[in-house]
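Next up, work_25.txt (compact mmCIF, C-alpha atoms and all ligand atoms):
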```txt
# COMPACT_ATOMS: atom_id res chain seq x y z
CA MET A 1 136.79 113.41 108.10
CA LYS A 2 133.57 115.33 108.72
CA TYR A 3 130.64 113.80 110.57
CA VAL A 4 127.29 113.40 108.80
CA ILE A 5 123.92 112.89 110.51
CA LEU A 6 120.72 112.34 108.52
CA THR A 7 117.32 111.70 110.10
CA HIS A 8 113.81 111.13 108.75
CA GLY A 9 110.32 110.90 110.24
CA GLY A 10 108.72 108.66 107.61
CA VAL A 11 107.92 109.07 103.93
CA THR A 12 104.26 109.88 104.41
CA ALA A 13 104.61 111.56 107.82
CA PRO A 14 103.38 115.13 108.42
CA GLN A 15 105.91 117.90 107.66
CA SER A 16 105.53 119.01 111.28
CA GLY A 17 107.73 115.99 112.01
CA ALA A 18 110.71 117.89 110.56
CA GLU A 19 111.10 119.67 113.89
CA SER A 20 111.58 116.30 115.61
CA CYS A 21 114.02 115.25 112.89
CA ALA A 22 116.12 118.34 113.69
CA ARG A 23 116.00 117.57 117.42
CA ALA A 24 116.89 113.95 116.71
CA ALA A 25 119.92 115.09 114.69
CA ASP A 26 120.94 117.32 117.63
CA ASP A 27 120.70 114.31 119.97
CA ALA A 28 122.88 112.31 117.59
CA LEU A 29 125.44 115.12 117.56
CA GLY A 30 125.32 115.17 121.36
CA ALA A 31 126.15 111.45 121.38
CA LEU A 32 129.11 112.03 119.05
CA ASP A 33 130.29 115.01 121.13
CA ALA A 34 130.15 112.78 124.23
CA GLY A 35 132.60 110.37 122.56
CA GLY A 36 130.05 107.94 121.19
CA GLU A 37 130.56 106.18 117.88
CA ALA A 38 128.26 106.47 114.87
CA LEU A 39 126.09 103.63 116.22
CA ALA A 40 125.34 105.43 119.50
CA ALA A 41 124.42 108.56 117.54
CA ALA A 42 122.02 106.72 115.19
CA ILE A 43 120.34 105.06 118.17
CA ALA A 44 119.97 108.36 120.08
CA ALA A 45 118.36 110.02 117.05
CA THR A 46 115.94 107.17 116.44
CA ALA A 47 114.89 106.99 120.11
CA ARG A 48 114.04 110.70 119.97
CA LEU A 49 111.89 110.14 116.88
CA GLU A 50 110.11 107.23 118.57
CA ASP A 51 109.00 109.65 121.29
CA ASP A 52 107.17 111.96 118.85
CA PRO A 53 103.52 110.79 118.92
CA ARG A 54 102.95 112.20 115.41
CA LEU A 55 105.33 109.63 113.94
CA ASN A 56 104.68 105.94 113.34
CA ALA A 57 107.23 104.44 115.71
CA GLY A 58 107.33 103.92 119.47
CA THR A 59 104.65 106.14 121.03
CA GLY A 60 102.11 106.83 118.28
CA SER A 61 102.66 103.57 116.40
CA ASN A 62 99.97 102.33 114.07
CA LEU A 63 97.35 99.98 115.42
CA ARG A 64 96.90 96.68 113.63
CA LEU A 65 93.65 96.02 111.81
CA ASP A 66 91.86 94.88 114.98
CA GLY A 67 92.18 98.43 116.43
CA ARG A 68 93.89 97.22 119.62
CA THR A 69 97.14 95.47 118.83
CA ILE A 70 100.39 97.42 118.39
CA GLU A 71 103.43 95.41 117.26
CA MET A 72 106.65 97.35 116.57
CA ASP A 73 109.86 96.57 114.64
CA ALA A 74 113.27 98.22 115.13
CA ALA A 75 116.86 97.57 114.04
CA VAL A 76 120.38 98.95 114.40
CA MET A 77 123.52 98.20 112.37
CA ALA A 78 127.16 99.35 112.52
CA SER A 79 129.73 99.28 109.70
CA ASP A 80 131.71 96.49 111.40
CA GLY A 81 128.73 94.14 110.87
CA ARG A 82 127.12 94.32 114.29
CA PHE A 83 123.34 94.06 113.90
CA GLY A 84 120.44 93.82 116.35
CA ALA A 85 116.70 93.87 115.78
CA VAL A 86 113.32 93.27 117.34
CA ALA A 87 110.13 92.35 115.50
CA CYS A 88 106.54 92.51 116.70
CA ILE A 89 107.61 93.75 120.12
CA GLU A 90 104.77 95.08 122.26
CA ARG A 91 104.37 97.62 125.06
CA VAL A 92 107.82 99.22 125.21
CA LYS A 93 108.55 102.92 124.81
CA ASN A 94 111.69 102.66 122.68
CA PRO A 95 112.00 99.52 120.56
CA VAL A 96 115.29 100.80 119.08
CA LEU A 97 116.91 100.67 122.53
CA VAL A 98 115.85 97.03 122.85
CA ALA A 99 117.22 96.30 119.36
CA ALA A 100 120.52 97.84 120.52
CA LYS A 101 120.58 95.32 123.38
CA VAL A 102 119.91 92.41 121.01
CA LEU A 103 123.10 93.47 119.24
CA GLU A 104 124.97 92.50 122.44
CA THR A 105 123.59 88.94 122.31
CA PRO A 106 124.64 86.09 119.99
CA HIS A 107 121.39 86.67 118.05
CA LEU A 108 120.41 89.06 115.31
CA LEU A 109 116.66 89.26 115.80
CA LEU A 110 114.22 88.61 118.65
CA ALA A 111 110.52 88.49 117.83
CA GLY A 112 107.13 88.68 119.50
CA ALA A 113 106.63 87.66 123.12
CA GLY A 114 110.30 86.66 123.39
CA ALA A 115 111.40 90.14 122.39
CA THR A 116 109.03 91.73 124.90
CA ALA A 117 110.20 89.35 127.67
CA PHE A 118 113.84 90.17 126.79
CA ALA A 119 113.02 93.87 127.18
CA ARG A 120 111.38 93.33 130.57
CA ARG A 121 114.32 91.23 131.75
CA LEU A 122 116.59 94.19 130.94
CA GLY A 123 114.32 96.61 132.81
CA PHE A 124 112.40 98.23 129.97
CA ALA A 125 109.13 99.31 131.63
CA ASP A 126 105.64 98.45 130.42
CA HIS A 127 104.46 101.27 128.13
CA ASP A 128 101.27 101.66 126.12
CA PRO A 129 102.29 103.26 122.80
CA ALA A 130 98.67 103.87 121.70
CA THR A 131 97.66 107.49 121.09
CA ASP A 132 94.44 109.19 120.05
CA GLU A 133 96.11 110.18 116.76
CA ALA A 134 96.94 106.55 116.04
CA ARG A 135 93.35 105.57 116.82
CA GLU A 136 92.16 108.23 114.36
CA ARG A 137 94.55 106.88 111.68
CA HIS A 138 93.19 103.43 112.32
CA ALA A 139 89.60 104.65 111.97
CA ARG A 140 90.47 106.27 108.61
CA ALA A 141 92.18 103.09 107.43
CA VAL A 142 89.22 100.97 108.34
CA ALA A 143 86.87 103.40 106.60
CA ALA A 144 89.04 103.15 103.47
CA LEU A 145 88.87 99.37 103.64
CA ARG A 146 85.14 99.51 103.79
CA ASP A 147 84.66 102.18 101.13
CA GLY A 148 86.95 100.89 98.38
CA ALA A 149 88.75 102.92 95.71
CA GLY A 150 90.39 106.39 95.70
CA ASP A 151 93.84 107.80 96.56
CA ASP A 152 97.12 106.03 97.49
CA GLN A 153 95.78 104.90 100.80
CA THR A 154 92.80 103.24 99.24
CA ASP A 155 95.05 101.46 96.72
CA ASP A 156 96.68 99.90 99.76
CA ALA A 157 93.25 99.34 101.21
CA ALA A 158 92.12 97.40 98.16
CA ARG A 159 95.24 95.20 98.30
CA PHE A 160 94.83 94.48 101.97
CA HIS A 161 91.14 93.95 101.68
CA ALA A 162 91.86 90.83 99.69
CA LEU A 163 94.60 89.78 102.11
CA THR A 164 92.44 90.10 105.17
CA ALA A 165 89.52 88.13 103.94
CA LYS A 166 88.02 86.09 106.78
CA ARG A 167 90.10 83.03 106.07
CA PHE A 168 93.33 84.91 107.02
CA TRP A 169 91.97 86.73 110.06
CA ASN A 170 94.14 85.86 113.11
CA PHE A 171 93.01 88.29 115.81
CA ASP A 172 90.80 87.27 118.72
CA ALA A 173 88.35 90.07 117.89
CA GLU A 174 86.27 90.41 114.75
CA PRO A 175 87.72 92.37 111.82
CA ILE A 176 86.56 95.67 111.06
CA GLU A 177 96.30 102.02 107.69
CA CYS A 178 103.20 102.53 106.69
CA ASP A 179 106.00 104.53 107.85
CA THR A 180 109.30 104.31 109.65
CA VAL A 181 111.59 106.71 111.49
CA GLY A 182 115.35 106.39 111.15
CA ALA A 183 118.85 107.79 111.02
CA VAL A 184 122.20 107.21 109.33
CA VAL A 185 125.47 108.54 110.71
CA ARG A 186 129.14 108.79 109.67
CA ASP A 187 131.42 109.74 112.54
CA VAL A 188 134.76 111.59 112.24
CA HIS A 189 136.60 108.25 112.33
CA GLY A 190 134.75 107.07 109.22
CA ARG A 191 132.50 104.59 111.02
CA PHE A 192 128.95 104.28 109.70
CA ALA A 193 125.69 103.25 111.35
CA ALA A 194 122.00 103.03 110.58
CA ALA A 195 118.96 102.66 112.84
CA ALA A 196 115.21 102.47 112.18
CA SER A 197 111.96 101.90 114.04
CA THR A 198 108.35 101.48 112.96
CA GLY A 199 104.84 100.70 114.07
CA GLY A 200 104.37 98.96 110.71
CA SER A 201 101.37 99.24 108.45
CA SER A 202 97.83 99.73 109.69
CA TYR A 203 96.81 97.24 107.02
CA SER A 204 98.45 94.42 108.90
CA LEU A 205 97.52 91.08 110.31
CA ARG A 206 98.81 90.09 113.71
CA GLY A 207 102.43 88.93 113.53
CA ARG A 208 103.23 90.84 110.34
CA VAL A 209 106.92 91.80 110.13
CA GLY A 210 108.05 94.56 107.75
CA ASP A 211 111.40 95.50 106.23
CA VAL A 212 113.00 97.17 109.24
CA PRO A 213 114.33 94.13 111.15
CA LEU A 214 115.36 92.19 108.01
CA THR A 215 119.09 92.68 107.38
CA GLY A 216 119.67 94.59 104.14
CA ALA A 217 116.00 95.46 103.63
CA GLY A 218 115.18 98.49 105.80
CA ILE A 219 118.71 99.34 106.94
CA TYR A 220 122.29 98.41 106.06
CA ALA A 221 125.73 99.66 107.12
CA GLY A 222 129.25 98.65 106.09
CA PRO A 223 132.67 100.19 105.44
CA HIS A 224 131.32 102.05 102.38
CA GLY A 225 128.34 103.72 104.03
CA ALA A 226 124.95 103.40 105.67
CA VAL A 227 121.39 103.37 104.35
CA ALA A 228 117.96 103.66 106.00
CA ALA A 229 114.69 103.24 104.10
CA THR A 230 111.06 104.14 104.75
CA GLY A 231 107.92 103.05 102.95
CA VAL A 232 105.90 99.93 102.31
CA GLY A 233 107.83 97.19 104.05
CA GLU A 234 106.86 94.29 101.81
CA GLU A 235 107.98 96.23 98.70
CA ILE A 236 111.27 97.29 100.36
CA ALA A 237 112.03 93.77 101.56
CA ARG A 238 111.35 92.20 98.14
CA ARG A 239 114.05 94.45 96.63
CA LEU A 240 116.50 94.31 99.60
CA LEU A 241 116.58 98.08 99.12
CA ALA A 242 119.15 99.13 101.74
CA ARG A 243 121.66 96.49 100.62
CA ALA A 244 121.10 97.31 96.93
CA ILE A 245 121.93 100.98 97.57
CA TYR A 246 124.90 100.01 99.75
CA ASP A 247 126.29 97.81 96.96
CA TRP A 248 126.13 100.78 94.56
CA LEU A 249 128.11 102.85 97.09
CA ALA A 250 130.66 100.04 97.29
CA ASP A 251 130.90 100.10 93.47
CA GLY A 252 131.75 103.84 93.59
CA VAL A 253 128.35 105.28 92.76
CA ALA A 254 127.90 108.72 94.40
CA PRO A 255 125.42 108.77 97.33
CA ALA A 256 123.02 111.17 95.54
CA ARG A 257 122.89 108.91 92.46
CA ALA A 258 122.55 105.77 94.59
CA ALA A 259 119.68 107.31 96.55
CA GLN A 260 117.82 108.33 93.37
CA ARG A 261 118.35 104.88 91.83
CA GLY A 262 116.98 103.31 94.97
CA VAL A 263 113.78 105.34 94.89
CA ALA A 264 113.47 104.71 91.14
CA MET A 265 113.29 100.94 91.78
CA PHE A 266 109.67 101.43 92.86
CA PRO A 267 106.56 102.30 90.92
CA GLU A 268 105.20 105.78 91.72
CA VAL A 269 102.25 104.32 93.60
CA VAL A 270 104.64 102.97 96.29
CA ALA A 271 105.77 105.66 98.75
CA ILE A 272 109.53 105.33 99.33
CA GLY A 273 112.21 107.41 101.07
CA VAL A 274 115.91 106.79 101.77
CA LEU A 275 118.77 108.27 103.76
CA VAL A 276 122.20 107.50 102.29
CA VAL A 277 125.67 108.39 103.61
CA GLY A 278 128.92 107.24 102.00
CA ARG A 279 132.60 108.18 102.08
CA SER A 280 132.07 110.88 99.43
CA GLY A 281 128.88 112.51 100.65
CA GLN A 282 125.26 112.02 101.66
CA ALA A 283 121.76 112.23 100.19
CA ILE A 284 118.10 112.21 101.15
CA ALA A 285 115.64 111.10 98.46
CA SER A 286 111.94 110.26 98.41
CA ASN A 287 108.96 110.18 96.05
CA ARG A 288 106.66 111.88 98.61
CA ASN A 289 107.12 114.67 101.10
CA MET A 290 109.31 113.31 103.89
CA PRO A 291 110.23 115.23 107.04
CA SER A 292 114.01 114.99 107.45
CA ALA A 293 117.09 116.78 108.80
CA GLN A 294 120.80 116.89 108.04
CA LEU A 295 123.82 117.92 110.13
CA VAL A 296 127.33 117.98 108.65
CA GLY A 297 130.41 119.33 110.40
N1 LIG A 301 108.55 100.34 106.49
C1 LIG A 301 107.83 99.95 107.65
C2 LIG A 301 107.04 98.73 107.48
O1 LIG A 301 106.50 98.46 106.41
O2 LIG A 301 106.92 98.00 108.42
```

Would you mind writing the file's structure down as structure tokens?
Ligand code: GLY
Amino acid sequence: MKYVILTHGGVTAPQSGAESCARAADDALGALDAGGEALAAAIAATARLEDDPRLNAGTGSNLRLDGRTIEMDAAVMASDGRFGAVACIERVKNPVLVAAKVLETPHLLLAGAGATAFARRLGFADHDPATDEARERHARAVAALRDGAGDDQTDDAARFHALTAKRFWNFDAEPIECDTVGAVVRDVHGRFAAAASTGGSSYSLRGRVGDVPLTGAGIYAGPHGAVAATGVGEEIARRLLARAIYDWLADGVAPARAAQRGVAMFPEVVAIGVLVVGRSGQAIASNRNMPSAQLVG
């Protein structure tokens, strides 16, 4: 069986991220060449993407609405059912590597301060993921919140303006912009894996958790394939997108058709992208430009 590696940098990420997607796919291939299984390859690719400050994961993650807080989600899953995730983890360089360690525990998901303490206990160093680019994105998001209507971003802004009315505000400071990186892999032994990582949405209250660490929402892997999604987490989680696409693969739907059906579940206003690999092939689909890469051999 051939191997398949698919990577993405986020459905609304700059196309310049495609270069990192290609490097991430090379890292995944390196992990397979070193004898690693599909899971190790998906993790290696996602860690590489987290290190690109242009992408909303790891270094360069979105700031929450207060302009200071960064809370990150990440998850990994293998086709034998192993799953590990972190939610709202702070001040680590590679949340996906911490999620991979959660997979070795009896738990599925560690959240918040507990997740960060778990990372420290395992030797993950303190790391400030904030970048000037992320601060600029935050400034634009806040401006959109203040100004009201316009493009896609301001549709989100209008929605979150209502959500973040004073009565919901849970930051210490006074109030004043969603993407994910990820990978799916099939190795030559037919094992599948998916991994994803995100800084979440800028339009977020403290403690907000998106689709990525929720099993079957942002990622899913099983004997029939692997799926990784990117886009607005609340919309993805409501539809259990990754599991829905996986179930179509299990029913014999071709990966390309399953990927298109997955994207078609969402109204055009919601930015959505998916990576899908099955036994019979692979597909990348999105309703916006999405930097991505593919290696098959
Ligand atoms: N899809 C990333 C998030 O909404 O958190």

Name the residues, by chain letter and number, that sit within 8 Å of ligand LIG 301 (chain A) using only C-alpha atoms and all ligand atoms, and give them as a short mmCIF file (atom, residue, chain, number, x, y, z; two decimals) with C-alpha atoms, keeping the file's coordinate frame.
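Below is the file that was written, out_3.cif:
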```cif
data_model
loop_
_atom_site.label_atom_id
_atom_site.label_comp_id
_atom_site.auth_asym_id
_atom_site.auth_seq_id
_atom_site.Cartn_x
_atom_site.Cartn_y
_atom_site.Cartn_z
CA ASP A 73 109.86 96.57 114.64
CA CYS A 178 103.20 102.53 106.69
CA ASP A 179 106.00 104.53 107.85
CA THR A 180 109.30 104.31 109.65
CA SER A 197 111.96 101.90 114.04
CA THR A 198 108.35 101.48 112.96
CA GLY A 199 104.84 100.70 114.07
CA GLY A 200 104.37 98.96 110.71
CA SER A 201 101.37 99.24 108.45
CA VAL A 209 106.92 91.80 110.13
CA GLY A 210 108.05 94.56 107.75
CA ASP A 211 111.40 95.50 106.23
CA VAL A 212 113.00 97.17 109.24
CA GLY A 218 115.18 98.49 105.80
CA ALA A 229 114.69 103.24 104.10
CA THR A 230 111.06 104.14 104.75
CA GLY A 231 107.92 103.05 102.95
CA VAL A 232 105.90 99.93 102.31
CA GLY A 233 107.83 97.19 104.05
CA GLU A 234 106.86 94.29 101.81
CA ILE A 236 111.27 97.29 100.36
#
```

**OP:** Give me the residues within 8 Å of stretch 89-106 of chain A as a PyMOL selection string, counting only C-alpha atoms and dropping any in the same chain fewer than 4 places off.
**Re:** chain A and resi 43+46-47+50-51+58-59+70-76+82-85+110-113+115-116+119+124-129+195-197

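Picture a line from atom CA of A:Arg48 to atom CA of A:Ala139; it runs 26.4 Å.
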
**OP:** Identify the residues around (128.8, 103.1, 101.8) within a radius of 7 Å, measuring from all atoms listed in the file in the coordinates stated by the file, and give them as a ChimeraX atom specification.
**Re:** /A:222-226,246,249-250,277-279

**OP:** Would you please work out which residue, of A:Gly81, A:Pro267, A:Pro255, A:Gly123, is nearest to A:Glu235 when using all atoms listed in the file?
**Re:** A:Pro267

Original post:
Skipping near chain neighbours, those fewer than 3 positions away, what residues fall within 7 Å of A:Gly190 using all atoms listed in the file, listed as a list in words?
Top reply: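 Within the cut-off, the hits are Met1, Arg186 and Asp187 of chain A.
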
Save the residues we just selected, C-alpha atoms, as a PDB file, in the frame of the given file?
```
ATOM      1  CA  MET A   1     136.790 113.410 108.100  1.00  0.00           C
ATOM      2  CA  ARG A 186     129.140 108.790 109.670  1.00  0.00           C
ATOM      3  CA  ASP A 187     131.420 109.740 112.540  1.00  0.00           C
TER       4      ASP A 187
END
```

Original post:
What gap, in Å, lies between atom CA of A:Ala285 and atom CA of A:Arg23?
Top reply: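 A separation of 20.0 Å between them.
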
**OP:** Identify which of the residues A:Asn287, A:Ser79, A:Thr131, A:Ser202 lies closest to A:Ala221, counting only C-alpha atoms when measuring atom-to-atom distances.
**Re:** A:Ser79

Original post:
Can you tell me how far atom CA of A:Val296 sits from atom CA of A:Ile5, in Å to one decimal?
Top reply: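 A separation of 6.4 Å between them.
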
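With distances taken over only C-alpha atoms, A:Leu205 is the one residue among A:Val86, A:Leu205, A:Ala42, A:Ile245 lying closest to A:Thr69.
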
**OP:** Go ahead and find all residues with at least one atom no further than 10 Å from (116.0, 114.5, 108.3) in the file's coordinates, using all atoms listed in the file; report them as a list of chain:residue names.
**Re:**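 Checked against the point, the hits come out as A:Ile5, A:Leu6, A:Thr7, A:His8, A:Gly9, A:Gly10, A:Gly17, A:Ala18, A:Glu19, A:Ser20, A:Cys21, A:Ala22, A:Arg23, A:Ala24, A:Ala25, A:Val181, A:Gly182, A:Ala183, A:Val184, A:Leu275, A:Ile284, A:Met290, A:Pro291, A:Ser292, A:Ala293, A:Gln294, A:Leu295.
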
**OP:** Find, counting all atoms listed in the file, the residue in A:Ala228, A:Ala254, A:Ala130, A:Ala194 that gets nearest to A:Val11.
**Re:**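 Of all the options, A:Ala228 lies closest to A:Val11.
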
Subject >> Nearest to A:Lys2, chosen from A:Arg191, A:Cys88, A:Ala242, A:Arg288, with only C-alpha atoms counted in the distances >> reply: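 Using only C-alpha atoms, the shortest distance to A:Lys2 belongs to A:Arg191.
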
Pull stretch 1-12 of chain A out of the block and emit all heavy atoms, as a compact mmCIF listing (two decimals), in the first residue's frame.
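Output saved as selection_39.txt:
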```
# COMPACT_ATOMS: atom_id res chain seq x y z
N MET A 1 0.84 -1.20 0.00
CA MET A 1 0.00 0.00 0.00
C MET A 1 0.88 1.25 0.00
O MET A 1 1.91 1.29 0.66
CB MET A 1 -0.89 -0.02 1.25
CG MET A 1 -1.91 1.08 1.30
SD MET A 1 -3.03 0.94 2.71
CE MET A 1 -4.40 0.09 1.99
N LYS A 2 0.45 2.28 -0.73
CA LYS A 2 1.21 3.52 -0.76
C LYS A 2 0.96 4.35 0.50
O LYS A 2 -0.12 4.26 1.09
CB LYS A 2 0.79 4.37 -1.97
CG LYS A 2 1.22 3.81 -3.30
CD LYS A 2 0.76 4.73 -4.40
CE LYS A 2 1.38 4.30 -5.72
NZ LYS A 2 0.99 5.17 -6.83
N TYR A 3 1.93 5.17 0.85
CA TYR A 3 1.67 6.13 1.94
C TYR A 3 1.00 7.37 1.35
O TYR A 3 1.17 7.69 0.15
CB TYR A 3 2.96 6.50 2.69
CG TYR A 3 3.93 7.32 1.90
CD1 TYR A 3 3.74 8.69 1.71
CD2 TYR A 3 5.05 6.73 1.31
CE1 TYR A 3 4.63 9.45 0.96
CE2 TYR A 3 5.94 7.48 0.56
CZ TYR A 3 5.72 8.82 0.39
OH TYR A 3 6.59 9.56 -0.36
N VAL A 4 0.26 8.07 2.20
CA VAL A 4 -0.37 9.34 1.83
C VAL A 4 -0.16 10.32 2.98
O VAL A 4 -0.40 9.97 4.14
CB VAL A 4 -1.89 9.20 1.59
CG1 VAL A 4 -2.53 10.56 1.32
CG2 VAL A 4 -2.16 8.24 0.43
N ILE A 5 0.30 11.52 2.67
CA ILE A 5 0.46 12.57 3.68
C ILE A 5 -0.23 13.82 3.15
O ILE A 5 0.08 14.29 2.04
CB ILE A 5 1.96 12.89 3.93
CG1 ILE A 5 2.68 11.65 4.49
CG2 ILE A 5 2.11 14.09 4.86
CD1 ILE A 5 4.20 11.75 4.40
N LEU A 6 -1.16 14.35 3.91
CA LEU A 6 -1.83 15.61 3.55
C LEU A 6 -1.64 16.58 4.71
O LEU A 6 -1.80 16.20 5.88
CB LEU A 6 -3.33 15.40 3.35
CG LEU A 6 -3.78 14.34 2.34
CD1 LEU A 6 -5.31 14.30 2.28
CD2 LEU A 6 -3.19 14.60 0.96
N THR A 7 -1.32 17.83 4.40
CA THR A 7 -1.17 18.84 5.45
C THR A 7 -1.92 20.11 5.05
O THR A 7 -2.09 20.39 3.86
CB THR A 7 0.31 19.21 5.68
OG1 THR A 7 0.85 19.74 4.46
CG2 THR A 7 1.13 18.00 6.09
N HIS A 8 -2.35 20.88 6.03
CA HIS A 8 -2.96 22.19 5.73
C HIS A 8 -2.52 23.22 6.76
O HIS A 8 -2.16 22.87 7.89
CB HIS A 8 -4.49 22.11 5.67
CG HIS A 8 -5.14 22.01 7.01
ND1 HIS A 8 -5.31 23.10 7.84
CD2 HIS A 8 -5.67 20.97 7.68
CE1 HIS A 8 -5.91 22.73 8.95
NE2 HIS A 8 -6.13 21.43 8.88
N GLY A 9 -2.59 24.50 6.36
CA GLY A 9 -2.18 25.58 7.25
C GLY A 9 -3.34 26.42 7.75
O GLY A 9 -3.12 27.45 8.39
N GLY A 10 -4.58 26.00 7.46
CA GLY A 10 -5.75 26.74 7.94
C GLY A 10 -6.54 27.32 6.79
O GLY A 10 -5.95 27.83 5.83
N VAL A 11 -7.87 27.26 6.89
CA VAL A 11 -8.70 27.59 5.74
C VAL A 11 -8.69 29.07 5.36
O VAL A 11 -8.96 29.42 4.22
CB VAL A 11 -10.15 27.08 5.92
CG1 VAL A 11 -10.88 27.85 7.02
CG2 VAL A 11 -10.93 27.15 4.62
N THR A 12 -8.34 29.93 6.27
CA THR A 12 -8.24 31.34 5.87
C THR A 12 -6.80 31.85 6.01
O THR A 12 -6.57 33.06 6.03
CB THR A 12 -9.19 32.24 6.71
OG1 THR A 12 -8.88 32.05 8.09
CG2 THR A 12 -10.65 31.88 6.44
```
